[in-house]
There are 4 protein chains.
Amino acid sequence: MSYDELKNLLEQDPFLKHVGIKVRSIKKGECEVEAELRQELTRFGGMMNGGAIATLADAAGGCAVLSHYMDRNEVTVDLEITYMRPITEGPAVAHGKVLKAGKSLAYVIVEVKDGKGDLAAFCKGTYFLFEGVKP
Amino acid sequence: MSYDELKNLLEQDPFLKHVGIKVRSIKKGECEVEAELRQELTRFGGMMNGGAIATLADAAGGCAVLSHYMDRNEVTVDLEITYMRPITEGPAVAHGKVLKAGKSLAYVIVEVKDGKGDLAAFCKGTYFLFEGVKP
Amino acid sequence: MSYDELKNLLEQDPFLKHVGIKVRSIKKGECEVEAELRQELTRFGGMMNGGAIATLADAAGGCAVLSHYMDRNEVTVDLEITYMRPITEGPAVAHGKVLKAGKSLAYVIVEVKDGKGDLAAFCKGTYFLFEGVKP
Amino acid sequence: MSYDELKNLLEQDPFLKHVGIKVRSIKKGECEVEAELRQELTRFGGMMNGGAIATLADAAGGCAVLSHYMDRNEVTVDLEITYMRPITEGPAVAHGKVLKAGKSLAYVIVEVKDGKGDLAAFCKGTYFLFEGVKP
């Protein structure tokens, strides 16, 4: 699977498509994804909903893991997200990075920035790997 | 605000509506929400996407917090979710419960079960409270 | 290995011994441990140090996992602890319980109560299992 | 309070002293602490106990927060630690860094490295601030 195929695969994932997540860039162990702040991603007050932010962060984290191995599939084990600043201006951009890629577990961190480039959320994730060419 | 008004408020929240989250029940410090496993909430393999599960869990947690105070607004500070079992059958049901409600912080736990009633995810959340009659 | 042997093993663990952790009870998938609030476990202000509480919680969680399998060894993958109330009166008691015990991962929750029986901290942990009769 | 006074304060904290934690360096919003891998900090197998690592990480995180404000006191709200590699060679070194310092909450990340400089654990923490010149 090439990075282009990985990008397509992610953007065709049903829920990620429903949220409107696009892949900005992929390199080995790193992935950047984004979402425009459309009205349907907001919560009361007009800021981005925390669940939408978690979805974006998990997409970046999972993609970073997939891009490291390229021939494994993964499921999220743990996702821990801290919300530091409301996102009131898009696009929201999440940058995921593999901290360690083991035999059965991979560990990532994800930074989520708002449209002004300010750090809005920080996320730590643990992913379990299994066989399967396609995610 | 009554529990019915809180239920309506949550179900009209733009992102929760986009995901299709409904409120099953509310009592002081507890809230149960659900989502049908529609195709657009899935990931590859047909199971529910982890971001959709996090959204459901955060909705249950936030609602539990709001139902405890009824006259405060909240934002999520930290959300930590562990995925234990893929959700392949809906509806997914999240039950949030306040563990402690302080002056500025409230702490909740959330259990997410699949359509068979099996525990699929467990979540812990910390919420920051501020003034504002409506969430 | 019997529960008594497991209890001895834990109480002889060098760091747990250094902190003064005792096992109160063990049953399959559950374990309760305690620590007196000796002066060397405190932080400024006289309350129990957060690291000491995390140690107690991890001991309860790890013990619960070991008691479920009895013939596997474990290492902690993720430990997430929320501190809700300062512990100013001992003994601090941590009750760990397995939520799900899988083939390679086990998931636990731990409640930590102070000497008055009030919930002081709540913890969620993920443990990785491997072969080895003794922990 | 000067950085030297902060260093002394931390090293005189009863539990941190019991664990043998020393402050390596402090600058605004960052702090590095260490602990030798003495036998009493180990678990079965000779590696550093996870509770000792959490204590080290929390010390680095709390110190980073204190060094940012210098006139506030803090308590840990949430501490989430991921263990990626066993620490079998000391000293263990934890580097804490403030990601965002708000009015009532501060957010930190902490990297813990083993004696060879390899990343062994990664930690995310949320701290609540309150008045009080001394921690």
# chains A, B, ... in the order shown; residues from 1 in each chain; ligands from 1
call {"tool": "residues_around", "arguments": {"residues": "Leu119 in chain C", "least_positions_apart": "2", "cutoff": "12 Å", "atoms": "only C-alpha atoms", "output": "list in words"}}
result
Leu99, Lys100, Ala101 and Tyr107 of chain B; Thr82, Tyr83, Met84, Arg85, Pro86, Ile87, Ala92, Val93, Ala94, His95, Val110, Glu111, Val112, Lys113, Asp114, Gly115, Lys116, Gly117, Ala121, Phe122 and Cys123 of chain C
call {"tool": "select_by_dssp", "arguments": {"residues": "range 56-128 of chain B", "states": "strand (DSSP E)", "output": "ChimeraX atom specification"}}
result
/B:72-83,92-101,105-113,119-128
call {"tool": "write_last_selection", "arguments": {"atoms": "C-alpha atoms", "output": "JSON list (two decimals), in the first residue's frame"}}
result
[["chain", "number", "residue", "atom", "x", "y", "z"],
["B", 72, "ARG", "CA", -24.10, 25.58, 35.13],
["B", 73, "ASN", "CA", -22.42, 25.09, 31.80],
["B", 74, "GLU", "CA", -19.43, 22.79, 31.28],
["B", 75, "VAL", "CA", -16.54, 22.08, 28.94],
["B", 76, "THR", "CA", -14.61, 18.84, 28.83],
["B", 77, "VAL", "CA", -11.10, 19.12, 30.27],
["B", 78, "ASP", "CA", -9.92, 15.52, 29.92],
["B", 79, "LEU", "CA", -11.55, 12.52, 28.31],
["B", 80, "GLU", "CA", -9.88, 9.13, 28.53],
["B", 81, "ILE", "CA", -11.44, 6.22, 26.76],
["B", 82, "THR", "CA", -10.47, 2.56, 26.67],
["B", 83, "TYR", "CA", -11.85, 0.42, 23.88],
["B", 92, "ALA", "CA", -24.51, 1.66, 21.32],
["B", 93, "VAL", "CA", -25.57, 2.89, 24.74],
["B", 94, "ALA", "CA", -23.45, 5.09, 27.00],
["B", 95, "HIS", "CA", -24.26, 5.52, 30.67],
["B", 96, "GLY", "CA", -22.51, 8.44, 32.37],
["B", 97, "LYS", "CA", -22.38, 8.96, 36.12],
["B", 98, "VAL", "CA", -20.90, 11.75, 38.20],
["B", 99, "LEU", "CA", -18.32, 10.49, 40.70],
["B", 100, "LYS", "CA", -17.75, 13.85, 42.32],
["B", 101, "ALA", "CA", -19.17, 17.27, 41.64],
["B", 105, "LEU", "CA", -14.49, 20.49, 38.41],
["B", 106, "ALA", "CA", -16.76, 17.49, 38.02],
["B", 107, "TYR", "CA", -15.58, 13.91, 37.48],
["B", 108, "VAL", "CA", -17.51, 11.25, 35.63],
["B", 109, "ILE", "CA", -17.24, 7.68, 34.48],
["B", 110, "VAL", "CA", -19.01, 6.33, 31.42],
["B", 111, "GLU", "CA", -19.74, 2.76, 30.39],
["B", 112, "VAL", "CA", -20.48, 2.09, 26.73],
["B", 113, "LYS", "CA", -22.31, -1.12, 25.86],
["B", 119, "LEU", "CA", -19.29, -3.64, 27.87],
["B", 120, "ALA", "CA", -17.43, -2.26, 24.85],
["B", 121, "ALA", "CA", -15.67, 0.83, 26.19],
["B", 122, "PHE", "CA", -14.99, 2.55, 29.48],
["B", 123, "CYS", "CA", -14.41, 6.25, 29.83],
["B", 124, "LYS", "CA", -13.28, 8.66, 32.50],
["B", 125, "GLY", "CA", -13.80, 12.39, 32.13],
["B", 126, "THR", "CA", -13.09, 15.65, 33.90],
["B", 127, "TYR", "CA", -15.29, 18.67, 33.22],
["B", 128, "PHE", "CA", -14.80, 22.33, 34.03]]
call {"tool": "atom_distance", "arguments": {"atom1": "CA of Thr42 in chain B", "atom2": "CA of Gly51 in chain A"}}
result
14.9 Å
call {"tool": "atom_distance", "arguments": {"atom1": "CA of Gly29 in chain B", "atom2": "CA of Leu10 in chain B"}}
result
15.2 Å
call {"tool": "atom_distance", "arguments": {"atom1": "CA of Tyr69 in chain D", "atom2": "CA of Leu9 in chain D"}}
result
15.2 Å
call {"tool": "residues_around", "arguments": {"residues": "Thr55 in chain C", "least_positions_apart": "2", "cutoff": "8 Å", "atoms": "only C-alpha atoms", "output": "MDAnalysis selection string"}}
result
(chainID C and resid 16 51:53 57:59) or (chainID D and resid 50:52 54:55)
call {"tool": "write_last_selection", "arguments": {"atoms": "C-alpha atoms", "output": "CSV table (one decimal), in the first residue's frame"}}
result
chain,number,residue,atom,x,y,z
C,16,LEU,CA,5.6,-1.7,47.2
C,51,GLY,CA,2.7,9.4,43.3
C,52,ALA,CA,2.1,7.3,46.4
C,53,ILE,CA,-1.6,7.2,45.5
C,57,ALA,CA,-3.7,2.2,42.6
C,58,ASP,CA,-1.3,0.4,40.3
C,59,ALA,CA,-0.6,-2.2,42.9
D,50,GLY,CA,5.6,1.8,37.6
D,51,GLY,CA,4.5,3.7,40.7
D,52,ALA,CA,8.0,5.0,41.1
D,54,ALA,CA,4.6,7.8,38.0
D,55,THR,CA,6.0,9.6,41.1
call {"tool": "residues_around", "arguments": {"residues": "Ile21 in chain B", "least_positions_apart": "2", "cutoff": "6 Å", "atoms": "only C-alpha atoms", "output": "PyMOL selection string"}}
result
chain B and resi 16-17+19+34-35
call {"tool": "select_by_dssp", "arguments": {"residues": "chain A", "states": "alpha helix (DSSP H)", "output": "ChimeraX atom specification"}}
result
/A:3-11,14-19,50-69
call {"tool": "write_last_selection", "arguments": {"atoms": "N, CA, C and O atoms", "output": "CSV table (one decimal), in the first residue's frame"}}
result
chain,number,residue,atom,x,y,z
A,3,TYR,N,1.4,5.6,0.3
A,3,TYR,CA,0.8,6.6,1.1
A,3,TYR,C,-0.5,7.2,0.5
A,3,TYR,O,-1.4,7.5,1.2
A,4,ASP,N,-0.5,7.3,-0.9
A,4,ASP,CA,-1.7,7.7,-1.5
A,4,ASP,C,-2.9,6.8,-1.3
A,4,ASP,O,-4.0,7.2,-1.1
A,5,GLU,N,-2.6,5.5,-1.3
A,5,GLU,CA,-3.7,4.5,-1.0
A,5,GLU,C,-4.1,4.7,0.4
A,5,GLU,O,-5.3,4.6,0.7
A,6,LEU,N,-3.2,4.9,1.3
A,6,LEU,CA,-3.6,5.1,2.7
A,6,LEU,C,-4.4,6.3,2.9
A,6,LEU,O,-5.5,6.3,3.6
A,7,LYS,N,-4.1,7.4,2.2
A,7,LYS,CA,-4.9,8.6,2.3
A,7,LYS,C,-6.3,8.4,1.8
A,7,LYS,O,-7.3,8.8,2.4
A,8,ASN,N,-6.4,7.7,0.7
A,8,ASN,CA,-7.7,7.4,0.1
A,8,ASN,C,-8.6,6.5,1.1
A,8,ASN,O,-9.7,6.7,1.3
A,9,LEU,N,-7.9,5.5,1.6
A,9,LEU,CA,-8.5,4.6,2.5
A,9,LEU,C,-9.1,5.4,3.7
A,9,LEU,O,-10.3,5.2,4.1
A,10,LEU,N,-8.3,6.3,4.3
A,10,LEU,CA,-8.8,7.1,5.4
A,10,LEU,C,-10.0,8.0,5.0
A,10,LEU,O,-11.0,8.1,5.8
A,11,GLU,N,-9.8,8.6,3.9
A,11,GLU,CA,-10.9,9.6,3.5
A,11,GLU,C,-12.2,8.9,3.1
A,11,GLU,O,-13.2,9.5,3.0
A,14,PRO,N,-16.1,5.4,6.5
A,14,PRO,CA,-17.4,6.0,6.6
A,14,PRO,C,-17.5,7.2,7.7
A,14,PRO,O,-18.0,8.3,7.3
A,15,PHE,N,-17.1,7.0,8.9
A,15,PHE,CA,-17.3,8.0,9.9
A,15,PHE,C,-16.4,9.2,9.6
A,15,PHE,O,-16.8,10.4,9.8
A,16,LEU,N,-15.2,9.0,9.2
A,16,LEU,CA,-14.3,10.1,8.9
A,16,LEU,C,-14.8,10.9,7.8
A,16,LEU,O,-14.7,12.2,7.8
A,17,LYS,N,-15.4,10.3,6.8
A,17,LYS,CA,-16.1,11.0,5.7
A,17,LYS,C,-17.3,11.8,6.2
A,17,LYS,O,-17.5,13.0,5.8
A,18,HIS,N,-18.0,11.2,7.1
A,18,HIS,CA,-19.2,11.9,7.7
A,18,HIS,C,-18.8,13.1,8.4
A,18,HIS,O,-19.5,14.1,8.4
A,19,VAL,N,-17.6,13.1,9.1
A,19,VAL,CA,-17.1,14.2,9.8
A,19,VAL,C,-16.5,15.2,8.9
A,19,VAL,O,-16.3,16.4,9.2
A,50,GLY,N,-16.3,18.5,21.3
A,50,GLY,CA,-15.2,17.7,21.8
A,50,GLY,C,-15.1,16.3,21.1
A,50,GLY,O,-14.0,15.7,20.9
A,51,GLY,N,-16.2,15.7,20.8
A,51,GLY,CA,-16.2,14.4,20.1
A,51,GLY,C,-15.6,14.5,18.7
A,51,GLY,O,-14.9,13.6,18.3
A,52,ALA,N,-15.9,15.6,18.0
A,52,ALA,CA,-15.4,15.8,16.7
A,52,ALA,C,-13.9,16.0,16.8
A,52,ALA,O,-13.1,15.4,15.9
A,53,ILE,N,-13.4,16.7,17.8
A,53,ILE,CA,-12.0,16.8,18.0
A,53,ILE,C,-11.3,15.5,18.3
A,53,ILE,O,-10.2,15.2,17.8
A,54,ALA,N,-12.0,14.7,19.1
A,54,ALA,CA,-11.4,13.4,19.5
A,54,ALA,C,-11.3,12.5,18.2
A,54,ALA,O,-10.4,11.7,18.0
A,55,THR,N,-12.4,12.6,17.4
A,55,THR,CA,-12.4,11.8,16.1
A,55,THR,C,-11.2,12.2,15.2
A,55,THR,O,-10.5,11.4,14.6
A,56,LEU,N,-11.0,13.5,15.1
A,56,LEU,CA,-9.9,14.1,14.3
A,56,LEU,C,-8.5,13.6,14.9
A,56,LEU,O,-7.6,13.1,14.2
A,57,ALA,N,-8.4,13.6,16.2
A,57,ALA,CA,-7.1,13.2,16.9
A,57,ALA,C,-6.9,11.7,16.7
A,57,ALA,O,-5.8,11.3,16.4
A,58,ASP,N,-8.0,10.9,16.8
A,58,ASP,CA,-7.8,9.5,16.6
A,58,ASP,C,-7.5,9.1,15.2
A,58,ASP,O,-6.7,8.2,14.9
A,59,ALA,N,-8.0,9.9,14.2
A,59,ALA,CA,-7.7,9.7,12.8
A,59,ALA,C,-6.2,9.9,12.6
A,59,ALA,O,-5.5,9.2,11.9
A,60,ALA,N,-5.7,11.0,13.1
A,60,ALA,CA,-4.3,11.4,13.0
A,60,ALA,C,-3.4,10.3,13.6
A,60,ALA,O,-2.4,9.9,13.1
A,61,GLY,N,-3.8,9.9,14.8
A,61,GLY,CA,-3.0,8.9,15.5
A,61,GLY,C,-3.0,7.5,14.8
A,61,GLY,O,-2.0,6.9,14.6
A,62,GLY,N,-4.2,7.1,14.4
A,62,GLY,CA,-4.3,5.8,13.7
A,62,GLY,C,-3.6,5.8,12.4
A,62,GLY,O,-2.9,4.8,12.0
A,63,CYS,N,-3.7,6.9,11.7
A,63,CYS,CA,-3.0,7.1,10.4
A,63,CYS,C,-1.4,7.0,10.6
A,63,CYS,O,-0.7,6.4,9.8
A,64,ALA,N,-1.0,7.7,11.7
A,64,ALA,CA,0.5,7.7,12.0
A,64,ALA,C,0.9,6.3,12.2
A,64,ALA,O,2.0,5.9,11.7
A,65,VAL,N,0.1,5.5,12.9
A,65,VAL,CA,0.5,4.1,13.2
A,65,VAL,C,0.5,3.3,11.9
A,65,VAL,O,1.5,2.6,11.6
A,66,LEU,N,-0.5,3.4,11.1
A,66,LEU,CA,-0.6,2.7,9.8
A,66,LEU,C,0.6,3.0,8.9
A,66,LEU,O,1.2,2.2,8.3
A,67,SER,N,0.9,4.3,8.9
A,67,SER,CA,2.0,4.7,8.0
A,67,SER,C,3.4,4.2,8.5
A,67,SER,O,4.3,4.2,7.7
A,68,HIS,N,3.5,3.9,9.8
A,68,HIS,CA,4.7,3.3,10.3
A,68,HIS,C,4.9,1.9,9.8
A,68,HIS,O,6.0,1.6,9.3
A,69,TYR,N,3.9,1.1,9.9
A,69,TYR,CA,4.0,-0.3,9.5
A,69,TYR,C,3.7,-0.6,8.0
A,69,TYR,O,4.3,-1.3,7.4
